[in-house]
file upload-v8.txt (compact mmCIF, C-alpha atoms)
# COMPACT_ATOMS: atom_id res chain seq x y z
CA MET A 1 -6.54 17.57 -17.05
CA ASP A 2 -3.21 19.26 -17.67
CA ASP A 3 -0.87 16.48 -18.70
CA HIS A 4 2.36 18.20 -19.58
CA ALA A 5 3.13 21.13 -17.27
CA HIS A 6 3.92 20.92 -13.60
CA ASP A 7 3.63 23.57 -10.98
CA ALA A 8 6.61 22.11 -9.21
CA PRO A 9 9.87 20.60 -10.38
CA PRO A 10 10.89 17.19 -9.08
CA ASN A 11 11.52 17.44 -5.35
CA PRO A 12 15.29 17.12 -4.98
CA TYR A 13 14.98 15.89 -1.41
CA LEU A 14 13.03 12.88 -2.56
CA THR A 15 15.27 11.73 -5.36
CA ALA A 16 18.75 12.69 -4.24
CA ARG A 17 20.64 9.94 -2.52
CA ARG A 18 22.27 10.71 0.77
CA SER A 19 25.91 11.73 0.84
CA PRO A 20 28.39 9.00 1.81
CA GLU A 21 28.72 10.61 5.25
CA GLU A 22 24.95 10.62 5.77
CA THR A 23 24.67 7.02 4.60
CA ARG A 24 27.44 6.01 6.99
CA ALA A 25 25.68 7.79 9.86
CA LEU A 26 22.41 6.03 9.03
CA ALA A 27 24.14 2.65 8.86
CA GLU A 28 25.72 3.27 12.27
CA ARG A 29 22.40 4.37 13.75
CA VAL A 30 20.68 1.24 12.47
CA ALA A 31 23.50 -1.08 13.57
CA LYS A 32 23.30 0.45 17.04
CA LEU A 33 19.54 -0.05 17.16
CA GLU A 34 19.83 -3.65 15.95
CA LYS A 35 22.45 -4.42 18.61
CA LEU A 36 20.31 -2.82 21.33
CA LEU A 37 17.23 -4.81 20.28
CA THR A 38 19.30 -7.98 20.07
CA ASP A 39 20.77 -7.45 23.54
CA LYS A 40 17.27 -6.84 24.86
CA GLY A 41 16.11 -10.11 23.35
CA LEU A 42 13.64 -8.49 20.94
CA VAL A 43 15.24 -9.62 17.68
CA ASP A 44 17.89 -12.08 16.64
CA LYS A 45 20.21 -11.85 13.69
CA ALA A 46 19.22 -15.13 12.06
CA THR A 47 15.54 -14.15 11.95
CA LEU A 48 16.31 -10.71 10.55
CA ASP A 49 18.57 -12.24 7.90
CA HIS A 50 15.78 -14.65 7.03
CA VAL A 51 13.16 -11.89 6.65
CA VAL A 52 15.49 -9.99 4.32
CA GLU A 53 16.21 -13.12 2.30
CA VAL A 54 12.51 -13.91 1.86
CA TYR A 55 11.50 -10.43 0.71
CA GLU A 56 14.58 -9.84 -1.41
CA HIS A 57 14.58 -13.16 -3.23
CA ASP A 58 11.54 -15.39 -2.67
CA ILE A 59 8.59 -13.00 -2.79
CA GLY A 60 8.26 -10.61 -5.71
CA PRO A 61 6.37 -9.76 -8.89
CA MET A 62 7.24 -13.14 -10.40
CA ASN A 63 4.55 -14.51 -8.07
CA GLY A 64 1.87 -12.18 -9.36
CA ALA A 65 3.01 -12.85 -12.93
CA ARG A 66 2.23 -16.55 -12.44
CA VAL A 67 -1.26 -15.66 -11.21
CA VAL A 68 -1.90 -13.44 -14.24
CA ALA A 69 -0.52 -15.95 -16.74
CA ARG A 70 -2.70 -18.69 -15.23
CA ALA A 71 -5.75 -16.42 -15.53
CA TRP A 72 -4.90 -15.77 -19.16
CA VAL A 73 -4.75 -19.44 -20.12
CA ASP A 74 -7.35 -20.94 -17.79
CA ASP A 75 -10.83 -19.42 -17.88
CA GLU A 76 -12.01 -21.37 -14.86
CA TYR A 77 -9.05 -20.13 -12.83
CA ARG A 78 -9.77 -16.59 -14.06
CA GLY A 79 -13.34 -16.97 -12.81
CA ARG A 80 -12.16 -18.14 -9.39
CA LEU A 81 -9.62 -15.31 -9.25
CA LEU A 82 -12.27 -12.68 -9.93
CA ALA A 83 -14.70 -14.27 -7.47
CA ASN A 84 -12.26 -14.92 -4.59
CA ALA A 85 -8.77 -13.66 -5.30
CA THR A 86 -7.30 -14.59 -1.91
CA ALA A 87 -8.24 -18.26 -2.39
CA ALA A 88 -7.29 -18.40 -6.07
CA ILE A 89 -3.89 -16.84 -5.38
CA ALA A 90 -3.35 -19.29 -2.52
CA GLU A 91 -3.93 -22.15 -5.00
CA LEU A 92 -0.59 -21.17 -6.53
CA GLY A 93 1.06 -21.04 -3.11
CA PHE A 94 1.01 -17.29 -2.47
CA SER A 95 -0.56 -15.89 0.67
CA GLY A 96 0.08 -14.04 3.88
CA LEU A 97 1.39 -10.77 5.18
CA GLN A 98 -0.06 -7.72 3.38
CA GLY A 99 -2.14 -9.96 1.14
CA GLU A 100 -4.67 -11.26 3.64
CA HIS A 101 -7.66 -9.93 1.66
CA MET A 102 -6.98 -9.85 -2.08
CA ILE A 103 -9.13 -8.46 -4.90
CA ALA A 104 -8.26 -8.99 -8.58
CA LEU A 105 -9.11 -6.17 -10.99
CA GLU A 106 -9.32 -7.10 -14.63
CA ASN A 107 -8.26 -4.62 -17.29
CA THR A 108 -10.31 -4.83 -20.46
CA ARG A 109 -10.76 -2.90 -23.67
CA ASP A 110 -13.24 -0.67 -21.83
CA VAL A 111 -11.84 -0.40 -18.31
CA HIS A 112 -8.36 0.37 -17.00
CA ASN A 113 -7.60 -0.12 -13.32
CA VAL A 114 -4.72 1.46 -11.43
CA VAL A 115 -3.84 1.07 -7.73
CA VAL A 116 -2.45 3.50 -5.15
CA CYS A 117 -2.30 4.04 -1.42
CA THR A 118 -2.63 7.78 -0.84
CA LEU A 119 -2.28 7.58 2.96
CA CYS A 120 0.82 5.37 3.20
CA SER A 121 2.06 2.71 0.80
CA CYS A 122 -0.15 -0.37 1.12
CA TYR A 123 0.83 -2.93 -1.50
CA PRO A 124 0.09 -6.65 -2.07
CA TRP A 125 3.34 -8.17 -0.81
CA PRO A 126 2.65 -11.88 -1.48
CA VAL A 127 2.14 -11.29 -5.21
CA LEU A 128 4.28 -8.20 -5.91
CA GLY A 129 6.91 -8.15 -3.16
CA LEU A 130 7.90 -4.84 -1.61
CA PRO A 131 6.81 -1.67 -3.40
CA PRO A 132 9.19 0.31 -5.60
CA THR A 133 10.22 3.79 -4.50
CA TRP A 134 8.01 5.57 -7.03
CA TYR A 135 4.89 3.85 -5.67
CA LYS A 136 5.74 5.20 -2.20
CA SER A 137 6.61 8.69 -3.48
CA PRO A 138 4.47 11.74 -2.75
CA ALA A 139 4.41 12.47 -6.50
CA TYR A 140 2.56 9.24 -7.28
CA ARG A 141 0.41 9.03 -4.16
CA SER A 142 -0.83 12.60 -4.51
CA ARG A 143 -1.48 12.87 -8.22
CA ILE A 144 -2.67 9.49 -9.51
CA VAL A 145 -6.05 10.09 -7.87
CA ILE A 146 -6.62 13.61 -9.23
CA ASP A 147 -4.98 13.16 -12.64
CA PRO A 148 -4.69 9.47 -13.49
CA ARG A 149 -4.62 10.00 -17.23
CA GLY A 150 -1.89 12.62 -16.95
CA VAL A 151 0.29 10.46 -14.71
CA LEU A 152 -0.21 7.37 -16.86
CA ALA A 153 0.60 9.32 -20.03
CA GLU A 154 3.83 10.55 -18.45
CA LEU A 155 4.70 6.97 -17.65
CA GLY A 156 4.15 6.02 -21.28
CA LEU A 157 0.63 4.68 -21.07
CA ASP A 158 -1.70 6.72 -23.27
CA LEU A 159 -5.31 5.74 -22.77
CA PRO A 160 -8.07 6.55 -25.25
CA ASP A 161 -10.77 8.96 -24.05
CA ASP A 162 -13.47 6.31 -24.31
CA ILE A 163 -11.84 3.95 -21.79
CA GLU A 164 -13.01 4.21 -18.17
CA VAL A 165 -10.18 4.72 -15.70
CA ARG A 166 -10.73 3.29 -12.23
CA VAL A 167 -8.34 4.35 -9.50
CA TRP A 168 -8.28 2.12 -6.40
CA ASP A 169 -7.08 3.77 -3.20
CA SER A 170 -5.94 0.99 -0.81
CA SER A 171 -7.14 2.65 2.38
CA ALA A 172 -7.94 -0.55 4.32
CA GLU A 173 -6.46 -4.07 4.53
CA ILE A 174 -7.84 -5.01 1.11
CA ARG A 175 -5.03 -5.41 -1.41
CA TYR A 176 -5.48 -5.10 -5.16
CA LEU A 177 -3.84 -6.98 -8.04
CA VAL A 178 -4.45 -5.69 -11.56
CA ILE A 179 -4.84 -8.35 -14.24
CA PRO A 180 -3.48 -6.64 -17.35
CA GLU A 181 -4.88 -7.43 -20.77
CA ARG A 182 -3.21 -10.35 -22.50
CA PRO A 183 -1.00 -8.93 -25.26
CA THR A 184 -2.06 -9.50 -28.84
CA GLY A 185 0.08 -11.97 -30.72
CA SER A 186 0.73 -14.07 -27.60
CA GLY A 187 -1.57 -16.95 -28.52
CA HIS A 188 1.30 -19.36 -29.23
CA LEU A 189 3.10 -18.81 -25.93
CA SER A 190 3.21 -21.23 -23.02
CA GLU A 191 2.02 -20.22 -19.56
CA SER A 192 5.58 -19.65 -18.35
CA GLU A 193 6.44 -17.65 -21.47
CA LEU A 194 3.34 -15.54 -20.83
CA ALA A 195 4.37 -14.97 -17.21
CA ALA A 196 7.60 -13.42 -18.48
CA LEU A 197 5.49 -10.69 -20.17
CA VAL A 198 3.72 -9.72 -16.96
CA THR A 199 5.65 -6.83 -15.45
CA ARG A 200 5.32 -5.46 -11.93
CA ASP A 201 4.08 -2.14 -13.30
CA SER A 202 1.37 -3.84 -15.37
CA MET A 203 0.02 -5.44 -12.17
CA ILE A 204 -0.13 -2.02 -10.45
CA GLY A 205 -1.85 -0.61 -13.52
CA VAL A 206 0.70 1.95 -14.72
CA ALA A 207 1.77 -0.09 -17.75
CA ARG A 208 0.55 -2.76 -20.14
CA ALA A 209 1.96 -6.25 -20.15
CA ALA A 210 5.02 -6.48 -22.38
CA ALA A 211 4.53 -7.39 -26.03
CA PRO A 212 5.88 -10.77 -27.11
CA GLY A 213 9.24 -10.37 -28.79
CA PRO A 214 9.86 -11.60 -32.33
CA GLY A 215 10.87 -15.22 -32.51
CA ARG A 216 9.74 -16.06 -29.02
CA MET B 1 -5.29 13.96 11.71
CA ASN B 2 -4.95 16.34 8.79
CA GLY B 3 -1.29 15.48 8.27
CA ILE B 4 1.18 15.61 5.42
CA HIS B 5 0.76 11.87 4.88
CA ASP B 6 -2.76 12.54 3.53
CA LEU B 7 -1.45 13.34 0.06
CA GLY B 8 -4.35 12.52 -2.27
CA GLY B 9 -5.09 15.37 -4.68
CA MET B 10 -1.97 17.47 -4.14
CA THR B 11 -0.20 18.52 -7.34
CA CYS B 12 3.00 20.10 -6.04
CA PHE B 13 5.43 17.17 -6.14
CA GLY B 14 6.37 17.11 -9.81
CA PRO B 15 6.48 14.12 -12.12
CA VAL B 16 6.55 10.50 -11.03
CA GLN B 17 10.03 9.15 -11.55
CA ILE B 18 10.48 5.42 -12.05
CA GLU B 19 13.94 3.98 -11.43
CA PRO B 20 14.53 1.28 -14.05
CA GLU B 21 15.60 -2.10 -12.65
CA GLU B 22 15.25 -0.76 -9.13
CA PRO B 23 16.71 -3.11 -6.50
CA VAL B 24 14.51 -4.17 -3.57
CA PHE B 25 16.87 -2.29 -1.23
CA HIS B 26 19.39 0.42 -2.08
CA GLU B 27 21.48 0.20 1.08
CA ASP B 28 22.22 -2.57 3.53
CA TRP B 29 20.85 -0.55 6.47
CA GLU B 30 17.47 -0.50 4.68
CA ARG B 31 17.42 -4.31 4.81
CA ARG B 32 17.96 -4.20 8.56
CA VAL B 33 15.32 -1.50 9.17
CA PHE B 34 12.78 -3.43 7.12
CA ALA B 35 13.47 -6.70 8.94
CA ILE B 36 13.46 -5.06 12.39
CA ASN B 37 10.05 -3.55 11.66
CA VAL B 38 8.63 -6.85 10.41
CA ALA B 39 10.11 -8.97 13.20
CA ALA B 40 9.76 -6.58 16.15
CA GLY B 41 6.91 -4.33 15.01
CA GLY B 42 4.39 -6.41 16.92
CA ALA B 43 6.21 -5.61 20.17
CA LEU B 44 5.41 -1.93 19.57
CA GLY B 45 1.66 -2.33 19.17
CA SER B 46 -1.05 -2.75 16.57
CA LEU B 47 -0.61 -2.17 12.86
CA ASP B 48 -2.84 0.89 13.20
CA TYR B 49 -0.80 2.31 16.07
CA ARG B 50 2.34 1.82 14.01
CA ARG B 51 0.81 3.47 10.91
CA HIS B 52 -0.09 6.45 13.05
CA GLY B 53 3.52 6.53 14.25
CA ILE B 54 4.67 7.47 10.73
CA GLU B 55 2.01 10.18 10.63
CA ARG B 56 3.42 11.72 13.81
CA LEU B 57 6.76 12.51 12.18
CA THR B 58 7.04 16.22 11.41
CA PRO B 59 5.94 17.19 7.88
CA ILE B 60 9.44 18.35 6.97
CA GLU B 61 10.97 15.09 8.19
CA TYR B 62 8.26 13.05 6.46
CA LEU B 63 8.84 14.65 3.06
CA THR B 64 12.60 14.97 3.12
CA SER B 65 13.41 11.49 4.40
CA SER B 66 13.43 8.31 2.40
CA TYR B 67 10.88 5.60 3.04
CA TYR B 68 13.08 3.46 5.26
CA GLU B 69 14.42 6.51 7.07
CA ASN B 70 10.83 7.16 8.08
CA TRP B 71 10.44 3.53 9.17
CA LEU B 72 13.57 3.94 11.30
CA ALA B 73 12.37 7.20 12.87
CA ARG B 74 8.95 5.67 13.51
CA PHE B 75 10.45 2.60 15.19
CA GLU B 76 12.58 4.73 17.49
CA LEU B 77 9.66 7.05 18.31
CA LEU B 78 7.29 4.21 19.20
CA ALA B 79 9.94 2.15 21.01
CA LEU B 80 10.40 5.14 23.31
CA ASP B 81 6.66 5.84 23.58
CA THR B 82 5.81 2.29 24.55
CA GLY B 83 8.78 1.97 26.89
CA LEU B 84 10.21 -0.88 24.83
CA VAL B 85 13.54 0.92 25.14
CA SER B 86 14.49 3.90 27.30
CA ASP B 87 15.94 7.12 25.95
CA ILE B 88 19.19 6.31 27.72
CA GLU B 89 19.32 2.91 26.03
CA LEU B 90 18.54 4.37 22.62
CA ALA B 91 21.17 7.08 22.97
CA SER B 92 23.87 4.77 24.30
CA GLY B 93 22.96 1.58 22.45
CA GLU B 94 23.56 -0.29 25.73
CA ALA B 95 20.73 -2.53 26.93
CA ASN B 96 19.66 -2.17 30.55
CA GLY B 97 18.24 -5.66 31.00
CA ARG B 98 16.14 -7.75 28.68
CA ALA B 99 12.66 -6.96 27.36
CA GLU B 100 9.56 -8.94 28.33
CA ALA B 101 8.72 -9.72 24.72
CA ALA B 102 10.75 -12.48 23.12
CA ALA B 103 12.39 -12.37 19.70
CA PRO B 104 10.36 -14.31 17.13
CA GLY B 105 12.26 -17.24 15.68
CA ILE B 106 12.44 -18.14 12.01
CA ASP B 107 9.51 -20.58 12.24
CA ALA B 108 7.26 -18.04 13.92
CA MET B 109 8.28 -15.44 11.34
CA ASN B 110 7.55 -17.84 8.48
CA THR B 111 4.07 -18.41 9.88
CA VAL B 112 3.38 -14.66 9.94
CA ILE B 113 4.77 -14.21 6.43
CA ARG B 114 2.76 -17.12 5.03
CA GLU B 115 -0.48 -16.66 6.96
CA GLY B 116 -0.50 -12.93 7.56
CA ARG B 117 -2.20 -11.17 10.39
CA ALA B 118 -5.95 -11.13 10.86
CA SER B 119 -7.46 -7.74 10.25
CA ALA B 120 -11.01 -8.89 9.56
CA ARG B 121 -13.18 -9.96 12.44
CA GLU B 122 -16.01 -12.41 11.81
CA PRO B 123 -18.79 -13.02 12.56
CA ARG B 124 -20.12 -9.59 11.98
CA ALA B 125 -19.98 -7.38 15.01
CA ARG B 126 -22.93 -5.42 13.68
CA ALA B 127 -25.23 -5.72 10.71
CA ALA B 128 -24.24 -3.68 7.67
CA ARG B 129 -26.19 -0.45 7.44
CA PHE B 130 -25.69 -0.06 3.69
CA THR B 131 -26.20 -2.41 0.78
CA LEU B 132 -24.88 -2.60 -2.75
CA GLY B 133 -25.77 0.47 -4.79
CA ASP B 134 -26.78 2.66 -1.85
CA ARG B 135 -25.96 6.32 -2.28
CA VAL B 136 -23.76 7.51 0.57
CA ARG B 137 -21.77 10.51 1.59
CA ALA B 138 -18.31 10.41 3.16
CA ARG B 139 -18.81 12.23 6.44
CA ASN B 140 -17.03 15.51 7.04
CA LEU B 141 -14.97 14.23 9.95
CA GLN B 142 -11.81 16.02 11.06
CA PRO B 143 -10.34 13.69 13.69
CA ARG B 144 -7.18 14.81 15.46
CA GLY B 145 -5.87 11.25 15.61
CA HIS B 146 -5.41 8.43 13.09
CA THR B 147 -8.02 8.04 10.37
CA ARG B 148 -8.26 6.13 7.11
CA LEU B 149 -10.78 8.66 5.77
CA PRO B 150 -8.64 10.91 3.57
CA ARG B 151 -9.48 14.57 3.18
CA TYR B 152 -10.17 14.35 -0.54
CA VAL B 153 -13.34 12.27 -0.14
CA ARG B 154 -14.82 14.01 2.91
CA GLY B 155 -18.23 15.50 2.17
CA CYS B 156 -18.43 13.85 -1.26
CA PHE B 157 -21.24 11.67 -2.57
CA GLY B 158 -20.66 8.17 -3.84
CA SER B 159 -22.21 4.74 -3.86
CA ILE B 160 -21.56 1.37 -2.29
CA ALA B 161 -19.72 -0.77 -4.86
CA ALA B 162 -18.99 -3.80 -2.65
CA LEU B 163 -19.24 -5.03 0.92
CA ARG B 164 -15.85 -6.13 2.23
CA GLY B 165 -16.86 -7.86 5.45
CA THR B 166 -16.20 -6.73 9.00
CA HIS B 167 -12.86 -5.13 9.76
CA VAL B 168 -11.08 -3.64 12.73
CA PHE B 169 -11.64 0.13 12.76
CA PRO B 170 -8.17 1.73 12.60
CA ASP B 171 -9.41 5.13 13.76
CA ALA B 172 -10.19 3.56 17.16
CA ASN B 173 -7.65 0.76 17.30
CA ALA B 174 -4.67 3.07 16.65
CA HIS B 175 -5.43 4.83 19.92
CA GLY B 176 -6.03 1.82 22.11
CA LEU B 177 -9.80 2.36 22.01
CA GLY B 178 -10.51 -1.23 21.03
CA GLU B 179 -10.93 -2.93 17.68
CA ASP B 180 -14.50 -1.64 17.14
CA PRO B 181 -15.00 -4.08 14.22
CA GLN B 182 -17.51 -2.77 11.69
CA PRO B 183 -18.57 -3.19 8.07
CA LEU B 184 -16.07 -2.11 5.45
CA TYR B 185 -17.28 -0.97 2.04
CA SER B 186 -15.76 -0.28 -1.34
CA VAL B 187 -17.18 3.16 -2.15
CA GLU B 188 -17.28 4.41 -5.72
CA PHE B 189 -16.95 8.11 -6.47
CA ALA B 190 -17.25 9.78 -9.85
CA ALA B 191 -13.96 11.53 -10.60
CA ASN B 192 -15.71 14.82 -11.22
CA GLU B 193 -17.53 14.61 -7.87
CA LEU B 194 -14.10 14.59 -6.21
CA TRP B 195 -12.12 16.79 -8.59
CA GLY B 196 -14.60 19.01 -10.40
CA PRO B 197 -15.41 19.50 -14.06
CA THR B 198 -11.88 19.07 -15.41
CA ALA B 199 -11.88 15.39 -14.46
CA SER B 200 -13.00 12.91 -17.09
CA PRO B 201 -16.74 12.20 -16.77
CA ARG B 202 -15.95 8.52 -17.39
CA ASP B 203 -13.47 8.03 -14.59
CA ARG B 204 -14.11 6.55 -11.16
CA LEU B 205 -12.32 6.31 -7.85
CA TYR B 206 -12.83 3.42 -5.45
CA ILE B 207 -11.81 3.56 -1.83
CA ASP B 208 -12.41 1.26 1.14
CA LEU B 209 -14.22 3.07 3.94
CA TRP B 210 -15.61 1.88 7.25
CA GLU B 211 -19.23 2.35 8.23
CA ASP B 212 -18.44 5.14 10.70
CA HIS B 213 -16.95 7.11 7.79
CA LEU B 214 -20.25 7.10 5.91
CA GLU B 215 -23.76 8.52 6.13
CA PRO B 216 -26.78 8.03 3.89
CA ALA B 217 -26.99 10.54 1.04
CA ARG B 218 -30.31 12.15 1.86
CA ARG B 219 -29.93 15.34 -0.08
CA GLU B 220 -27.37 15.54 -2.81
CA THR B 221 -26.41 19.15 -2.55
CA ARG B 222 -22.95 19.92 -3.81
CA ARG B 223 -20.48 21.38 -1.40
CA GLY B 224 -19.78 25.06 -1.83

call {"tool": "encode", "arguments": {"input": "upload-v8.txt", "output": "structure tokens"}}
result
Amino acid sequence: MDDHAHDAPPNPYLTARRSPEETRALAERVAKLEKLLTDKGLVDKATLDHVVEVYEHDIGPMNGARVVARAWVDDEYRGRLLANATAAIAELGFSGLQGEHMIALENTRDVHNVVVCTLCSCYPWPVLGLPPTWYKSPAYRSRIVIDPRGVLAELGLDLPDDIEVRVWDSSAEIRYLVIPERPTGSGHLSESELAALVTRDSMIGVARAAAPGPGR
Amino acid sequence: MNGIHDLGGMTCFGPVQIEPEEPVFHEDWERRVFAINVAAGGALGSLDYRRHGIERLTPIEYLTSSYYENWLARFELLALDTGLVSDIELASGEANGRAEAAAPGIDAMNTVIREGRASAREPRARAARFTLGDRVRARNLQPRGHTRLPRYVRGCFGSIAALRGTHVFPDANAHGLGEDPQPLYSVEFAANELWGPTASPRDRLYIDLWEDHLEPARRETRRG
């Protein structure tokens, strides 16, 4: 499919940040809502602060990277991960909200998996944290299903014609984690060094795992 | 509903733009909107009802607002709809009494974060109609309400790639019609069944569909 031309330029409404005045108005609107909900007894500040803290610092792609690195070094773990991802991921301490039913998808020389949610922005929070803006954008959600090779090429991932591309649309409560291929030349690395190569984007399926740097 | 949120297959939004080293939140108000939705979302109603809330925003608002702006607009819309807050309270910011629901504490929140919320219902509410490898067709349904059957698969032929257990049916649950738990399937479609001859003959699309979204493929006549 056409992989270079676009019928539409980037949508300025989607990428432009709000003006300082608009941002201030939004902040005031949210502060007013938070105060109203607090006064009504529906939320309290300490709990909200805690939720932010957890999703900003404790839960993120470093969790998924540990799962992938373990699968790379431990064949039995890899087998359990492919057979029952929810349980295998929980072995490493990751579970819960927006990851209640996990499936692991293994990228190989012959198959490349990539994940999307065309209807909203479903994403495996316990292993990847909250989704990046591009994953939630209409550009990605609309086009990765109809032109996966074009989108991936634009993002720097050129796939050979003879590889099978599998797009997974997360339309239910099943959440998908891509297990990228282990990079060549990484045989000498420890599990934690390997985890450092596993990027967020490689676990969505829009990139490969990073190559080991020289001297690592 | 055939809304703007049902984006699969549109090609009018330009290239995908990745922000390098993107922070989890760009503005402090986004942190608060996220946390309010996680902590107080349950007071609004089911996950499916809340997803449909986003779909009810106008198409212009949906496309021209940022993600957390839409979460904010959705929260306000549903808080009014459910009577959680009144329009006078929302406009003034002044509470007229306390709500019946209580604020979740940190321990309760940690339990939700760690254990999640049940969306599957076992044992099976009804026996699965399809088995692995069955040829099926995504039904040509055009519901006016919430559905997890996107337009781009409707009427297309595929096959059952996996059985996913029994799950709450969002199309019913979003509208207070009960959980209607039913078998969920991973359905495999050939890319060129969905997108025509320009798609790679090797490529596949997998999507999770509920039993009510599917019918047996008796005659494989192409649409059109």

call {"tool": "residues_around", "arguments": {"input": "upload-v8.txt", "residues": "B:Gly42", "least_positions_apart": "3", "cutoff": "12 Å", "atoms": "all atoms listed in the file", "output": "VMD selection string"}}
result
(chain A and resid 42 to 43) or (chain B and resid 36 to 39 45 to 50 75 78 to 79 82 84 101 to 104 109 112 117)

call {"tool": "interface_residues", "arguments": {"input": "upload-v8.txt", "of": "chain A", "to": "chain B", "cutoff": "7 Å", "atoms": "only C-alpha atoms", "output": "ChimeraX atom specification"}}
result
/A:1,6-11,13-14,27,30,32-33,36,39-44,47-48,50-52,56,95-98,100,118-120,130,134,138-143,145-146,164-173

call {"tool": "residues_near_point", "arguments": {"input": "upload-v8.txt", "point": "(-0.8, -3.0, -7.0)", "cutoff": "7 Å", "atoms": "all atoms listed in the file", "output": "ChimeraX atom specification"}}
result
/A:115-116,123-124,176-178,203-204

call {"tool": "atom_distance", "arguments": {"input": "upload-v8.txt", "atom1": "atom CA of A:Met102", "atom2": "atom CA of B:Val153"}}
result
23.1 Å

call {"tool": "residues_around", "arguments": {"input": "upload-v8.txt", "residues": "A:Leu81", "least_positions_apart": "6", "cutoff": "8 Å", "atoms": "only C-alpha atoms", "output": "PyMOL selection string"}}
result
chain A and resi 71+87-89+104

call {"tool": "atom_distance", "arguments": {"input": "upload-v8.txt", "atom1": "atom CA of A:Leu159", "atom2": "atom CA of A:Ile179"}}
result
16.5 Å

call {"tool": "axis_aligned_box", "arguments": {"input": "upload-v8.txt", "around": "stretch 181-193 of chain A", "padding_each_side": "3 Å", "output": "JSON"}}
result
{"center_x": 0.8, "center_y": -14.3, "center_z": -24.5, "size_x": 17.3, "size_y": 19.8, "size_z": 18.4}

call {"tool": "atom_distance", "arguments": {"input": "upload-v8.txt", "atom1": "atom CA of A:Leu189", "atom2": "atom CA of A:Val73"}}
result
9.8 Å

call {"tool": "residues_around", "arguments": {"input": "upload-v8.txt", "residues": "B:Arg218", "least_positions_apart": "2", "cutoff": "9 Å", "atoms": "all atoms listed in the file", "output": "list in words"}}
result
Arg135, Val136, Arg137, Glu215, Pro216 and Glu220 of chain B

call {"tool": "build_atoms", "arguments": {"input": "upload-v8.txt", "residues": "stretch 103-114 of chain A", "atoms": "N, CA and C atoms", "output": "tab-separated table (two decimals), keeping the file's coordinate frame"}}
result
chain	number	residue	atom	x	y	z
A	103	ILE	N	-8.13	-8.68	-3.85
A	103	ILE	CA	-9.13	-8.46	-4.90
A	103	ILE	C	-8.38	-8.37	-6.22
A	104	ALA	N	-8.86	-9.09	-7.24
A	104	ALA	CA	-8.26	-8.99	-8.58
A	104	ALA	C	-9.11	-8.05	-9.43
A	105	LEU	N	-8.44	-7.15	-10.14
A	105	LEU	CA	-9.11	-6.17	-10.99
A	105	LEU	C	-8.68	-6.43	-12.43
A	106	GLU	N	-9.65	-6.71	-13.27
A	106	GLU	CA	-9.32	-7.10	-14.63
A	106	GLU	C	-9.37	-5.91	-15.58
A	107	ASN	N	-8.27	-5.65	-16.25
A	107	ASN	CA	-8.26	-4.62	-17.29
A	107	ASN	C	-8.85	-5.20	-18.57
A	108	THR	N	-9.67	-4.40	-19.22
A	108	THR	CA	-10.31	-4.83	-20.46
A	108	THR	C	-10.17	-3.71	-21.50
A	109	ARG	N	-10.76	-3.94	-22.64
A	109	ARG	CA	-10.76	-2.90	-23.67
A	109	ARG	C	-11.48	-1.63	-23.19
A	110	ASP	N	-12.41	-1.80	-22.26
A	110	ASP	CA	-13.24	-0.67	-21.83
A	110	ASP	C	-12.86	-0.08	-20.49
A	111	VAL	N	-12.13	-0.84	-19.67
A	111	VAL	CA	-11.84	-0.40	-18.31
A	111	VAL	C	-10.36	-0.57	-18.01
A	112	HIS	N	-9.75	0.48	-17.46
A	112	HIS	CA	-8.36	0.37	-17.00
A	112	HIS	C	-8.28	0.66	-15.51
A	113	ASN	N	-7.73	-0.27	-14.77
A	113	ASN	CA	-7.60	-0.12	-13.32
A	113	ASN	C	-6.17	0.25	-12.95
A	114	VAL	N	-6.05	1.09	-11.94
A	114	VAL	CA	-4.72	1.46	-11.43
A	114	VAL	C	-4.83	1.61	-9.90
